[in-house]
>>> print(open('query.tsv').read())   # TSV, C-alpha atoms
chain	number	residue	atom	x	y	z
A	37	MET	CA	90.10	-30.81	-5.60
A	38	SER	CA	89.55	-30.92	-1.86
A	39	LYS	CA	87.73	-27.60	-2.10
A	40	SER	CA	85.14	-28.97	-4.47
A	41	ARG	CA	84.89	-32.07	-2.32
A	42	ASN	CA	84.19	-29.90	0.71
A	43	LEU	CA	81.57	-28.05	-1.23
A	44	LEU	CA	79.97	-31.30	-2.24
A	45	ILE	CA	79.91	-32.54	1.33
A	46	GLY	CA	78.47	-29.19	2.40
A	47	LEU	CA	75.81	-29.38	-0.23
A	48	VAL	CA	74.81	-32.91	0.67
A	49	ALA	CA	74.63	-31.95	4.35
A	50	PHE	CA	72.55	-28.96	3.44
A	51	LEU	CA	70.15	-30.99	1.33
A	52	ILE	CA	69.66	-33.49	4.13
A	53	LEU	CA	68.98	-30.61	6.47
A	54	VAL	CA	66.49	-28.94	4.16
A	55	GLY	CA	64.72	-32.25	3.70
A	56	GLY	CA	64.47	-32.54	7.46
A	57	LEU	CA	63.18	-29.01	7.79
A	58	VAL	CA	60.56	-29.47	5.13
A	59	TYR	CA	59.46	-32.66	6.84
A	60	LEU	CA	59.28	-30.98	10.22
A	61	SER	CA	57.46	-27.90	8.95
A	62	SER	CA	54.91	-30.01	7.16
A	63	ALA	CA	54.43	-32.05	10.30
A	64	TRP	CA	53.72	-28.86	12.25
A	65	LEU	CA	51.51	-27.34	9.63
A	66	SER	CA	49.38	-30.44	9.58
A	67	GLY	CA	47.85	-29.10	12.74
A	68	GLN	CA	49.63	-30.41	15.78
A	69	ASP	CA	49.14	-27.83	18.49
A	70	GLU	CA	52.06	-28.93	20.60
A	71	PRO	CA	54.81	-29.59	18.12
A	72	SER	CA	57.86	-31.20	19.55
A	73	LEU	CA	60.83	-28.98	18.91
A	74	PRO	CA	63.06	-30.15	16.13
A	75	GLN	CA	66.19	-31.95	17.16
A	76	VAL	CA	68.19	-30.26	14.43
A	77	ALA	CA	70.71	-27.88	15.93
A	78	ILE	CA	70.28	-24.70	13.95
A	79	GLY	CA	71.88	-21.49	15.02
A	80	GLY	CA	74.78	-20.91	17.33
A	81	PRO	CA	77.42	-18.42	18.32
A	82	PHE	CA	78.35	-15.73	15.84
A	83	ALA	CA	79.82	-12.23	16.07
A	84	LEU	CA	79.29	-9.88	13.14
A	85	LYS	CA	79.29	-6.16	12.37
A	86	ALA	CA	76.24	-3.95	11.96
A	87	SER	CA	76.30	-0.85	9.76
A	88	ASP	CA	76.79	1.44	12.75
A	89	GLY	CA	79.96	-0.42	13.72
A	90	ARG	CA	78.36	-2.35	16.58
A	91	THR	CA	79.18	-6.00	17.04
A	92	VAL	CA	76.02	-8.09	16.92
A	93	THR	CA	76.12	-11.61	18.28
A	94	ASP	CA	73.60	-14.42	18.59
A	95	GLN	CA	72.94	-13.01	22.10
A	96	THR	CA	72.20	-9.41	21.12
A	97	TYR	CA	68.53	-9.89	20.27
A	98	ARG	CA	67.67	-12.77	22.57
A	99	ASP	CA	64.70	-10.76	23.87
A	100	LYS	CA	63.06	-10.94	20.44
A	101	TRP	CA	61.87	-13.34	17.77
A	102	GLN	CA	64.79	-13.27	15.38
A	103	ILE	CA	64.18	-13.75	11.68
A	104	ILE	CA	67.47	-14.72	10.09
A	105	TYR	CA	68.14	-14.70	6.37
A	106	PHE	CA	71.40	-15.02	4.44
A	107	GLY	CA	71.94	-13.41	1.03
A	108	TYR	CA	73.92	-10.65	-0.66
A	109	THR	CA	73.26	-7.18	-1.95
A	110	LEU	CA	74.28	-7.78	-5.56
A	111	CYS	CA	71.40	-10.23	-5.80
A	112	PRO	CA	68.64	-8.31	-7.56
A	113	ASP	CA	66.05	-11.06	-7.94
A	114	ALA	CA	65.82	-13.56	-5.08
A	115	CYS	CA	67.02	-11.54	-2.08
A	116	PRO	CA	64.78	-8.49	-2.59
A	117	THR	CA	61.81	-10.86	-2.76
A	118	ALA	CA	62.64	-12.39	0.62
A	119	LEU	CA	63.45	-9.05	2.23
A	120	ASN	CA	60.31	-7.51	0.80
A	121	ASP	CA	58.23	-10.34	2.26
A	122	ILE	CA	59.91	-9.85	5.63
A	123	ALA	CA	59.27	-6.09	5.45
A	124	GLY	CA	55.65	-6.79	4.49
A	125	ALA	CA	55.26	-9.16	7.42
A	126	LEU	CA	56.57	-6.48	9.81
A	127	GLU	CA	54.00	-4.07	8.47
A	128	LYS	CA	51.18	-6.58	8.89
A	129	LEU	CA	52.28	-7.39	12.45
A	130	GLY	CA	51.71	-3.76	13.45
A	131	PRO	CA	52.81	-3.11	17.05
A	132	GLU	CA	53.67	-6.80	17.47
A	133	ALA	CA	56.58	-6.18	15.10
A	134	ALA	CA	58.44	-4.65	18.04
A	135	LYS	CA	58.88	-8.22	19.32
A	136	VAL	CA	60.56	-9.28	16.09
A	137	GLN	CA	64.10	-8.61	14.89
A	138	PRO	CA	64.87	-9.43	11.25
A	139	ILE	CA	68.56	-9.93	10.50
A	140	PHE	CA	70.05	-10.11	7.00
A	141	ILE	CA	73.51	-11.67	6.94
A	142	THR	CA	75.66	-11.39	3.82
A	143	ILE	CA	77.38	-14.41	2.32
A	144	ASP	CA	79.44	-12.06	0.13
A	145	PRO	CA	81.59	-10.28	2.74
A	146	ALA	CA	84.23	-9.33	0.16
A	147	ARG	CA	81.84	-6.81	-1.36
A	148	ASP	CA	79.18	-6.22	1.29
A	149	THR	CA	80.73	-3.70	3.67
A	150	PRO	CA	78.79	-2.61	6.79
A	151	LYS	CA	77.85	0.62	5.00
A	152	ILE	CA	76.52	-1.16	1.91
A	153	MET	CA	74.60	-3.62	4.06
A	154	GLY	CA	73.06	-0.81	6.11
A	155	GLU	CA	71.88	1.11	3.06
A	156	TYR	CA	70.58	-2.03	1.43
A	157	VAL	CA	68.38	-3.25	4.27
A	158	LYS	CA	67.14	0.27	5.03
A	159	ALA	CA	65.64	0.40	1.55
A	160	PHE	CA	63.31	-2.46	2.55
A	161	ASP	CA	62.58	-1.57	6.17
A	162	PRO	CA	64.73	0.35	8.64
A	163	ARG	CA	63.91	-2.28	11.27
A	164	ILE	CA	65.91	-4.93	9.40
A	165	ILE	CA	69.54	-5.18	10.50
A	166	GLY	CA	72.25	-6.00	7.98
A	167	LEU	CA	75.32	-7.85	9.20
A	168	THR	CA	78.68	-8.55	7.64
A	169	GLY	CA	82.09	-9.58	8.91
A	170	SER	CA	85.35	-11.21	7.99
A	171	PRO	CA	85.09	-14.16	5.60
A	172	ALA	CA	85.87	-16.41	8.57
A	173	ALA	CA	83.16	-14.85	10.76
A	174	ILE	CA	80.62	-15.18	7.94
A	175	ALA	CA	81.65	-18.80	7.35
A	176	THR	CA	81.09	-19.52	11.05
A	177	ALA	CA	77.64	-17.94	11.05
A	178	ALA	CA	76.66	-19.74	7.86
A	179	ARG	CA	77.86	-23.05	9.28
A	180	GLU	CA	75.81	-22.55	12.45
A	181	TYR	CA	72.73	-22.01	10.32
A	182	HIS	CA	73.61	-24.76	7.85
A	183	VAL	CA	73.63	-22.23	5.04
A	184	TYR	CA	75.35	-23.27	1.83
A	185	TYR	CA	76.98	-20.61	-0.30
A	186	ALA	CA	79.48	-20.63	-3.14
A	187	LYS	CA	81.00	-18.27	-5.65
A	188	VAL	CA	80.10	-19.04	-9.23
A	189	ALA	CA	82.30	-17.60	-11.96
A	190	ASP	CA	80.45	-15.45	-14.50
A	191	LYS	CA	82.71	-13.27	-16.59
A	192	ASP	CA	79.99	-10.69	-17.24
A	193	ALA	CA	78.92	-10.32	-13.62
A	194	PRO	CA	80.35	-7.57	-11.41
A	195	ASP	CA	83.84	-8.71	-10.27
A	196	GLY	CA	83.38	-11.85	-12.36
A	197	TYR	CA	81.16	-13.82	-10.03
A	198	LEU	CA	77.66	-14.50	-8.78
A	199	MET	CA	76.77	-16.23	-5.52
A	200	ASP	CA	74.72	-19.37	-5.04
A	201	HIS	CA	73.17	-19.45	-1.59
A	202	SER	CA	70.55	-21.32	0.35
A	203	SER	CA	67.48	-19.26	0.87
A	204	VAL	CA	65.88	-20.47	4.04
A	205	ILE	CA	64.51	-17.84	6.41
A	206	TYR	CA	64.85	-18.99	10.02
A	207	VAL	CA	62.74	-17.96	12.98
A	208	MET	CA	64.44	-18.20	16.37
A	209	ARG	CA	62.41	-17.80	19.55
A	210	PRO	CA	63.24	-15.34	22.33
A	211	GLY	CA	64.98	-16.50	25.50
A	212	ASP	CA	67.04	-19.51	24.52
A	213	GLY	CA	67.17	-18.39	20.88
A	214	ARG	CA	66.08	-21.81	19.64
A	215	PHE	CA	65.09	-22.39	16.07
A	216	VAL	CA	61.31	-22.79	15.77
A	217	ALA	CA	60.22	-22.25	12.17
A	218	THR	CA	61.37	-21.69	8.61
A	219	PHE	CA	60.05	-19.64	5.76
A	220	THR	CA	61.08	-19.86	2.13
A	221	HIS	CA	60.89	-17.61	-0.90
A	222	ASP	CA	57.46	-19.04	-1.53
A	223	THR	CA	56.16	-17.87	1.85
A	224	SER	CA	54.11	-14.72	1.35
A	225	SER	CA	54.29	-11.82	3.78
A	226	ASP	CA	50.71	-12.69	4.84
A	227	GLN	CA	51.74	-16.24	5.71
A	228	MET	CA	54.82	-14.98	7.55
A	229	ALA	CA	52.81	-12.48	9.57
A	230	GLU	CA	50.19	-15.12	10.34
A	231	ARG	CA	52.75	-17.64	11.56
A	232	LEU	CA	54.68	-15.04	13.59
A	233	LYS	CA	51.46	-13.84	15.22
A	234	LYS	CA	50.67	-17.40	16.25
A	235	LEU	CA	54.18	-17.94	17.59
A	236	ILE	CA	54.18	-14.64	19.50
A	237	GLY	CA	50.69	-15.36	20.82
A	238	THR	CA	51.56	-18.77	22.22
A	239	SER	CA	54.84	-17.76	23.83
B	157	MET	CA	75.41	-1.82	-67.41
B	158	ARG	CA	73.49	1.36	-66.85
B	159	ARG	CA	70.25	-0.55	-67.18
B	160	ILE	CA	71.29	-2.96	-64.51
B	161	VAL	CA	72.13	-0.12	-62.16
B	162	LEU	CA	68.78	1.44	-62.86
B	163	ALA	CA	67.02	-1.83	-62.38
B	164	VAL	CA	68.73	-2.33	-59.03
B	165	ALA	CA	67.89	1.19	-57.95
B	166	PHE	CA	64.31	0.63	-59.03
B	167	LEU	CA	64.04	-2.61	-57.11
B	168	ALA	CA	65.64	-1.08	-54.04
B	169	ALA	CA	63.23	1.82	-54.09
B	170	PHE	CA	60.18	-0.39	-54.33
B	171	ALA	CA	61.27	-3.36	-52.27
B	172	PRO	CA	58.92	-3.87	-49.36
B	173	PRO	CA	60.50	-2.19	-46.34
B	174	VAL	CA	61.35	-5.07	-43.99
B	175	LEU	CA	61.20	-2.98	-40.85
B	176	ALA	CA	57.67	-1.84	-41.51
B	177	GLN	CA	56.35	-5.38	-41.25
B	178	GLN	CA	53.84	-5.77	-38.48
B	179	SER	CA	55.79	-7.37	-35.65
B	180	SER	CA	54.08	-10.34	-34.08
B	181	ILE	CA	55.89	-9.68	-30.81
B	182	ALA	CA	54.58	-7.22	-28.25
B	183	VAL	CA	56.46	-6.19	-25.12
B	184	THR	CA	54.31	-4.77	-22.33
B	185	ASP	CA	54.27	-4.13	-18.58
B	186	ALA	CA	57.99	-3.42	-18.34
B	187	TRP	CA	59.01	-2.70	-14.76
B	188	ALA	CA	62.06	-2.80	-12.57
B	189	ARG	CA	62.76	-2.72	-8.89
B	190	ALA	CA	64.27	0.40	-7.42
B	191	THR	CA	67.81	-0.27	-6.27
B	192	PRO	CA	69.19	0.73	-2.86
B	193	PRO	CA	71.87	3.41	-2.89
B	194	GLY	CA	75.19	2.03	-4.05
B	195	ALA	CA	73.72	-1.14	-5.55
B	196	LYS	CA	75.47	-2.08	-8.78
B	197	THR	CA	72.89	-4.56	-10.02
B	198	GLY	CA	69.19	-4.42	-10.71
B	199	ALA	CA	66.50	-6.53	-12.31
B	200	ALA	CA	63.82	-5.64	-14.84
B	201	TYR	CA	60.80	-7.66	-15.89
B	202	VAL	CA	58.56	-7.60	-18.97
B	203	THR	CA	55.66	-9.48	-20.49
B	204	VAL	CA	56.20	-10.68	-24.07
B	205	THR	CA	53.26	-11.74	-26.21
B	206	ASN	CA	53.64	-13.56	-29.50
B	207	LYS	CA	50.66	-12.91	-31.78
B	208	GLY	CA	52.24	-14.76	-34.66
B	209	THR	CA	52.19	-18.45	-35.46
B	210	GLU	CA	55.85	-19.31	-34.97
B	211	THR	CA	57.94	-19.45	-31.84
B	212	ASP	CA	60.32	-16.52	-31.51
B	213	LYS	CA	63.30	-16.21	-29.20
B	214	LEU	CA	64.28	-13.39	-26.91
B	215	LEU	CA	68.03	-13.18	-27.48
B	216	SER	CA	69.38	-10.17	-25.65
B	217	VAL	CA	68.67	-6.99	-23.78
B	218	SER	CA	70.40	-3.65	-23.62
B	219	THR	CA	69.82	-0.37	-21.84
B	220	PRO	CA	71.80	2.82	-21.44
B	221	VAL	CA	71.37	2.72	-17.64
B	222	ALA	CA	73.55	-0.37	-17.24
B	223	GLY	CA	77.05	-1.13	-18.42
B	224	MET	CA	75.94	-4.68	-19.11
B	225	ALA	CA	72.52	-6.29	-19.35
B	226	GLN	CA	71.77	-9.98	-19.72
B	227	LEU	CA	68.98	-12.50	-19.71
B	228	HIS	CA	69.13	-14.33	-16.40
B	229	THR	CA	67.16	-16.87	-14.53
B	230	THR	CA	66.94	-17.70	-10.85
B	231	ILE	CA	66.80	-21.41	-10.16
B	232	ASN	CA	65.62	-22.69	-6.80
B	233	ASP	CA	67.65	-25.88	-6.52
B	234	ASN	CA	66.36	-27.57	-3.37
B	235	GLY	CA	66.43	-24.31	-1.46
B	236	VAL	CA	69.67	-23.05	-2.96
B	237	MET	CA	69.12	-19.95	-5.08
B	238	LYS	CA	71.23	-19.98	-8.22
B	239	MET	CA	71.29	-17.10	-10.64
B	240	ARG	CA	72.49	-17.99	-14.13
B	241	PRO	CA	72.74	-16.25	-17.49
B	242	VAL	CA	70.58	-17.81	-20.22
B	243	LYS	CA	71.28	-17.71	-23.97
B	244	SER	CA	67.71	-17.16	-25.07
B	245	ILE	CA	64.11	-17.48	-23.93
B	246	ASP	CA	61.46	-19.00	-26.19
B	247	VAL	CA	58.33	-16.96	-26.81
B	248	LYS	CA	55.60	-19.31	-27.99
B	249	PRO	CA	52.53	-18.13	-29.88
B	250	GLY	CA	49.48	-17.56	-27.71
B	251	LYS	CA	51.38	-18.08	-24.47
B	252	PRO	CA	52.53	-14.80	-22.92
B	253	LEU	CA	55.98	-14.95	-21.39
B	254	THR	CA	55.89	-13.07	-18.11
B	255	LEU	CA	59.23	-12.37	-16.52
B	256	LYS	CA	58.85	-12.10	-12.77
B	257	PRO	CA	60.87	-12.31	-9.56
B	258	GLY	CA	62.19	-15.78	-8.85
B	259	GLY	CA	62.57	-16.80	-12.48
B	260	TYR	CA	63.61	-15.21	-15.75
B	261	HIS	CA	64.69	-11.60	-15.40
B	262	LEU	CA	66.59	-8.95	-17.26
B	263	MET	CA	69.73	-8.62	-15.19
B	264	LEU	CA	71.13	-5.10	-15.19
B	265	MET	CA	74.76	-4.99	-14.16
B	266	ASP	CA	77.15	-2.14	-13.60
B	267	LEU	CA	74.30	0.32	-13.10
B	268	LYS	CA	75.40	3.87	-13.86
B	269	GLN	CA	73.13	5.23	-11.13
B	270	PRO	CA	70.56	3.76	-8.76
B	271	LEU	CA	67.12	3.07	-10.24
B	272	LYS	CA	64.73	5.40	-8.43
B	273	GLN	CA	61.09	4.63	-7.81
B	274	GLY	CA	58.93	6.58	-10.25
B	275	ASP	CA	61.65	6.96	-12.88
B	276	THR	CA	61.50	5.35	-16.31
B	277	PHE	CA	64.32	4.20	-18.54
B	278	PRO	CA	64.53	2.80	-22.07
B	279	ILE	CA	65.30	-0.81	-22.79
B	280	THR	CA	65.85	-2.66	-26.07
B	281	LEU	CA	64.99	-6.33	-26.43
B	282	THR	CA	66.32	-8.25	-29.41
B	283	PHE	CA	64.35	-11.18	-30.81
B	284	ALA	CA	65.50	-13.76	-33.34
B	285	LYS	CA	62.64	-12.99	-35.73
B	286	ALA	CA	61.03	-9.77	-34.59
B	287	GLY	CA	64.34	-7.95	-34.29
B	288	GLU	CA	64.73	-5.06	-31.87
B	289	ILE	CA	61.84	-3.82	-29.78
B	290	HIS	CA	62.17	-0.73	-27.62
B	291	THR	CA	60.12	-0.05	-24.55
B	292	GLU	CA	60.14	2.09	-21.41
B	293	VAL	CA	60.65	0.47	-18.03
B	294	LYS	CA	58.89	1.91	-14.99
B	295	VAL	CA	60.77	1.74	-11.72
B	296	GLN	CA	58.67	0.41	-8.83
B	297	LYS	CA	59.55	0.21	-5.17
B	298	VAL	CA	62.60	-1.72	-4.03
B	299	GLY	CA	60.96	-5.06	-3.30
B	300	ALA	CA	58.06	-4.77	-5.75
B	301	MET	CA	56.65	-8.07	-6.97
B	302	GLY	CA	54.84	-6.93	-10.10
B	303	ASP	CA	53.97	-4.07	-12.43
B	304	MET	CA	52.05	-1.47	-10.46
B	305	GLY	CA	51.97	0.90	-13.41
B	306	SER	CA	48.24	1.43	-13.32
B	307	MET	CA	48.49	2.69	-9.76
B	308	GLN	CA	51.25	5.09	-10.60
B	309	ASP	CA	49.24	6.47	-13.46
B	310	MET	CA	46.38	7.45	-11.20
B	311	PRO	CA	45.63	11.14	-11.47
B	312	GLY	CA	47.02	13.13	-8.61
B	313	MET	CA	49.85	10.72	-7.88
B	314	ASN	CA	52.44	13.10	-9.29
B	315	MET	CA	50.93	16.26	-7.87
B	316	LYS	CA	52.96	16.59	-4.70
>>> encode(input="query.tsv", output="structure tokens")
Amino acid sequence: MSKSRNLLIGLVAFLILVGGLVYLSSAWLSGQDEPSLPQVAIGGPFALKASDGRTVTDQTYRDKWQIIYFGYTLCPDACPTALNDIAGALEKLGPEAAKVQPIFITIDPARDTPKIMGEYVKAFDPRIIGLTGSPAAIATAAREYHVYYAKVADKDAPDGYLMDHSSVIYVMRPGDGRFVATFTHDTSSDQMAERLKKLIGTS
Amino acid sequence: MRRIVLAVAFLAAFAPPVLAQQSSIAVTDAWARATPPGAKTGAAYVTVTNKGTETDKLLSVSTPVAGMAQLHTTINDNGVMKMRPVKSIDVKPGKPLTLKPGGYHLMLMDLKQPLKQGDTFPITLTFAKAGEIHTEVKVQKVGAMGDMGSMQDMPGMNMK
């Protein structure tokens, strides 16, 4: 009972957030050169495991533009699309891609071990880092990024469940690691590369 | 009694063979995404064209490469991606049904081995009216967004 209530509250909070993000992004895209930074606090401390056993925190890649996306490896439709777009954007950025660090964080830590995560992201682009952790560590990271996720029972699915998860791709700027832009599943790799180029160019 | 048996045999022999009827459903451009090592699920996509006059329904999918295959859809619910099984998908006359990433897909679960780029595998789609239709699915790269079959068929591509 209280679990579903928590989920509901989480979902409502998430929807409000997404609404805010969409509003902000559209305000920026409408051509303001000096956008005021959003006042939504997105991102925060997390400590997760990479496939090589390293601990990666929100501080590890502060020298780069971090592209952060949450999903899971047993997701054959939505997640590969996002990761493929990110991989495509890296390719289009050319040498500028060295200033970008894409990070894929699982919301299914029970099944996504560091090894599975490593192999999964490598299939898209070896520059993408896959992170997992304890359920508590994942919950913390997801909360910091206002990511909603939930198990959905499906008797035919592997282990009897599928995952619902929010699919926003966040861009965090170097230095203070502040959130500066979002992409969605509808953002093409061209659009991502274009936007990242602009961001990198003006920094 | 004997006459009846003969009559039945006669009728059976000359009854129009149901299976030989021209199917109004065509399944083309079947492709799947390669799966990373260890991945237990995959997705395949097809285009279904209905050349008949009545709506047909895609009811189920099966393939020897997966322990379980289902019709699924991905719903983008205000930014939350939800993957759900669907009972059937309507195939209307004159309006090709194209399964593609981010919507309807053939969900392959419990894969027996990873789907490798360049491989093909058989798939059987069952329709309410057209019955079973078999086709071969081409495996594209891991994050492919559409059927690149024509590129793979280019001469010289398999020469290395």
>>> atom_distance(input="query.tsv", atom1="atom CA of A:Phe106", atom2="atom CA of A:Gly154")
14.4 Å
>>> interface_residues(input="query.tsv", of="chain A", to="chain B", cutoff="9 Å", atoms="only C-alpha atoms", output="number ranges by chain")
A: 51, 54-55, 109-121, 123, 152, 155-160, 183-185, 188, 190, 192-194, 198-204, 220-221
>>> residues_near_point(input="query.tsv", point="(60.1, -3.2, -16.2)", cutoff="10 Å", atoms="only C-alpha atoms", output="ChimeraX atom specification")
/B:184-189,199-203,255-256,261-262,276-279,291-296,302-303,305
>>> atom_distance(input="query.tsv", atom1="atom CA of A:Arg231", atom2="atom CA of A:Tyr181")
20.5 Å
>>> atom_distance(input="query.tsv", atom1="atom CA of B:Ala222", atom2="atom CA of B:Leu267")
4.3 Å
>>> closest_residue(input="query.tsv", among="B:Lys272, B:Lys243, B:Lys213, B:Lys248", to="B:Ala284", atoms="all atoms listed in the file")
B:Lys213
>>> axis_aligned_box(input="query.tsv", around="stretch 206-212 of chain A", padding_each_side="6 Å", output="AutoDock Vina command-line options")
--center_x 64.7 --center_y -17.4 --center_z 17.8 --size_x 16.6 --size_y 16.2 --size_z 27.5
>>> residues_around(input="query.tsv", residues="stretch 224-230 of chain A", least_positions_apart="6", cutoff="7 Å", atoms="all atoms listed in the file", output="NGL selection string")
:A and (121-122 or 124-125 or 128-129)
>>> residues_around(input="query.tsv", residues="stretch 84-87 of chain A", least_positions_apart="5", cutoff="10 Å", atoms="all atoms listed in the file", output="PyMOL selection string")
chain A and resi 92-94+139+141+149-155+157+165-170+173-174+177
>>> build_atoms(input="query.tsv", residues="stretch 102-123 of chain A", atoms="N, CA and C atoms", output="PDB file, in the frame of the given file")
ATOM      1  N   GLN A 102      63.850 -13.662  16.431  1.00  0.00           N
ATOM      2  CA  GLN A 102      64.790 -13.270  15.380  1.00  0.00           C
ATOM      3  C   GLN A 102      64.444 -13.991  14.074  1.00  0.00           C
ATOM      4  N   ILE A 103      64.398 -13.190  13.017  1.00  0.00           N
ATOM      5  CA  ILE A 103      64.180 -13.750  11.680  1.00  0.00           C
ATOM      6  C   ILE A 103      65.506 -13.629  10.955  1.00  0.00           C
ATOM      7  N   ILE A 104      66.107 -14.758  10.633  1.00  0.00           N
ATOM      8  CA  ILE A 104      67.470 -14.720  10.090  1.00  0.00           C
ATOM      9  C   ILE A 104      67.494 -15.220   8.659  1.00  0.00           C
ATOM     10  N   TYR A 105      68.077 -14.385   7.802  1.00  0.00           N
ATOM     11  CA  TYR A 105      68.140 -14.700   6.370  1.00  0.00           C
ATOM     12  C   TYR A 105      69.526 -14.351   5.837  1.00  0.00           C
ATOM     13  N   PHE A 106      70.075 -15.246   5.049  1.00  0.00           N
ATOM     14  CA  PHE A 106      71.400 -15.020   4.440  1.00  0.00           C
ATOM     15  C   PHE A 106      71.233 -14.723   2.951  1.00  0.00           C
ATOM     16  N   GLY A 107      71.989 -13.742   2.458  1.00  0.00           N
ATOM     17  CA  GLY A 107      71.940 -13.410   1.030  1.00  0.00           C
ATOM     18  C   GLY A 107      73.060 -12.451   0.710  1.00  0.00           C
ATOM     19  N   TYR A 108      72.908 -11.669  -0.346  1.00  0.00           N
ATOM     20  CA  TYR A 108      73.920 -10.650  -0.660  1.00  0.00           C
ATOM     21  C   TYR A 108      73.288  -9.519  -1.445  1.00  0.00           C
ATOM     22  N   THR A 109      73.940  -8.357  -1.404  1.00  0.00           N
ATOM     23  CA  THR A 109      73.260  -7.180  -1.950  1.00  0.00           C
ATOM     24  C   THR A 109      73.319  -7.105  -3.469  1.00  0.00           C
ATOM     25  N   LEU A 110      74.236  -7.821  -4.107  1.00  0.00           N
ATOM     26  CA  LEU A 110      74.280  -7.780  -5.560  1.00  0.00           C
ATOM     27  C   LEU A 110      73.330  -8.807  -6.178  1.00  0.00           C
ATOM     28  N   CYS A 111      72.394  -9.243  -5.400  1.00  0.00           N
ATOM     29  CA  CYS A 111      71.400 -10.230  -5.800  1.00  0.00           C
ATOM     30  C   CYS A 111      70.114  -9.469  -6.065  1.00  0.00           C
ATOM     31  N   PRO A 112      69.763  -9.199  -7.322  1.00  0.00           N
ATOM     32  CA  PRO A 112      68.640  -8.310  -7.560  1.00  0.00           C
ATOM     33  C   PRO A 112      67.293  -9.023  -7.678  1.00  0.00           C
ATOM     34  N   ASP A 113      67.303 -10.350  -7.679  1.00  0.00           N
ATOM     35  CA  ASP A 113      66.050 -11.060  -7.940  1.00  0.00           C
ATOM     36  C   ASP A 113      65.531 -11.784  -6.693  1.00  0.00           C
ATOM     37  N   ALA A 114      66.303 -12.727  -6.190  1.00  0.00           N
ATOM     38  CA  ALA A 114      65.820 -13.560  -5.080  1.00  0.00           C
ATOM     39  C   ALA A 114      65.806 -12.805  -3.745  1.00  0.00           C
ATOM     40  N   CYS A 115      66.915 -12.157  -3.411  1.00  0.00           N
ATOM     41  CA  CYS A 115      67.020 -11.540  -2.080  1.00  0.00           C
ATOM     42  C   CYS A 115      66.008 -10.417  -1.852  1.00  0.00           C
ATOM     43  N   PRO A 116      65.792  -9.525  -2.834  1.00  0.00           N
ATOM     44  CA  PRO A 116      64.780  -8.490  -2.590  1.00  0.00           C
ATOM     45  C   PRO A 116      63.397  -9.086  -2.350  1.00  0.00           C
ATOM     46  N   THR A 117      63.117 -10.236  -2.961  1.00  0.00           N
ATOM     47  CA  THR A 117      61.810 -10.860  -2.760  1.00  0.00           C
ATOM     48  C   THR A 117      61.668 -11.271  -1.297  1.00  0.00           C
ATOM     49  N   ALA A 118      62.685 -11.937  -0.773  1.00  0.00           N
ATOM     50  CA  ALA A 118      62.640 -12.390   0.620  1.00  0.00           C
ATOM     51  C   ALA A 118      62.573 -11.203   1.569  1.00  0.00           C
ATOM     52  N   LEU A 119      63.422 -10.208   1.331  1.00  0.00           N
ATOM     53  CA  LEU A 119      63.450  -9.050   2.230  1.00  0.00           C
ATOM     54  C   LEU A 119      62.154  -8.256   2.144  1.00  0.00           C
ATOM     55  N   ASN A 120      61.575  -8.208   0.956  1.00  0.00           N
ATOM     56  CA  ASN A 120      60.310  -7.510   0.800  1.00  0.00           C
ATOM     57  C   ASN A 120      59.198  -8.238   1.552  1.00  0.00           C
ATOM     58  N   ASP A 121      59.230  -9.566   1.515  1.00  0.00           N
ATOM     59  CA  ASP A 121      58.230 -10.340   2.260  1.00  0.00           C
ATOM     60  C   ASP A 121      58.400 -10.133   3.759  1.00  0.00           C
ATOM     61  N   ILE A 122      59.653 -10.088   4.205  1.00  0.00           N
ATOM     62  CA  ILE A 122      59.910  -9.850   5.630  1.00  0.00           C
ATOM     63  C   ILE A 122      59.413  -8.456   6.021  1.00  0.00           C
ATOM     64  N   ALA A 123      59.720  -7.463   5.179  1.00  0.00           N
ATOM     65  CA  ALA A 123      59.270  -6.090   5.450  1.00  0.00           C
ATOM     66  C   ALA A 123      57.744  -6.034   5.477  1.00  0.00           C
TER      67      ALA A 123
END
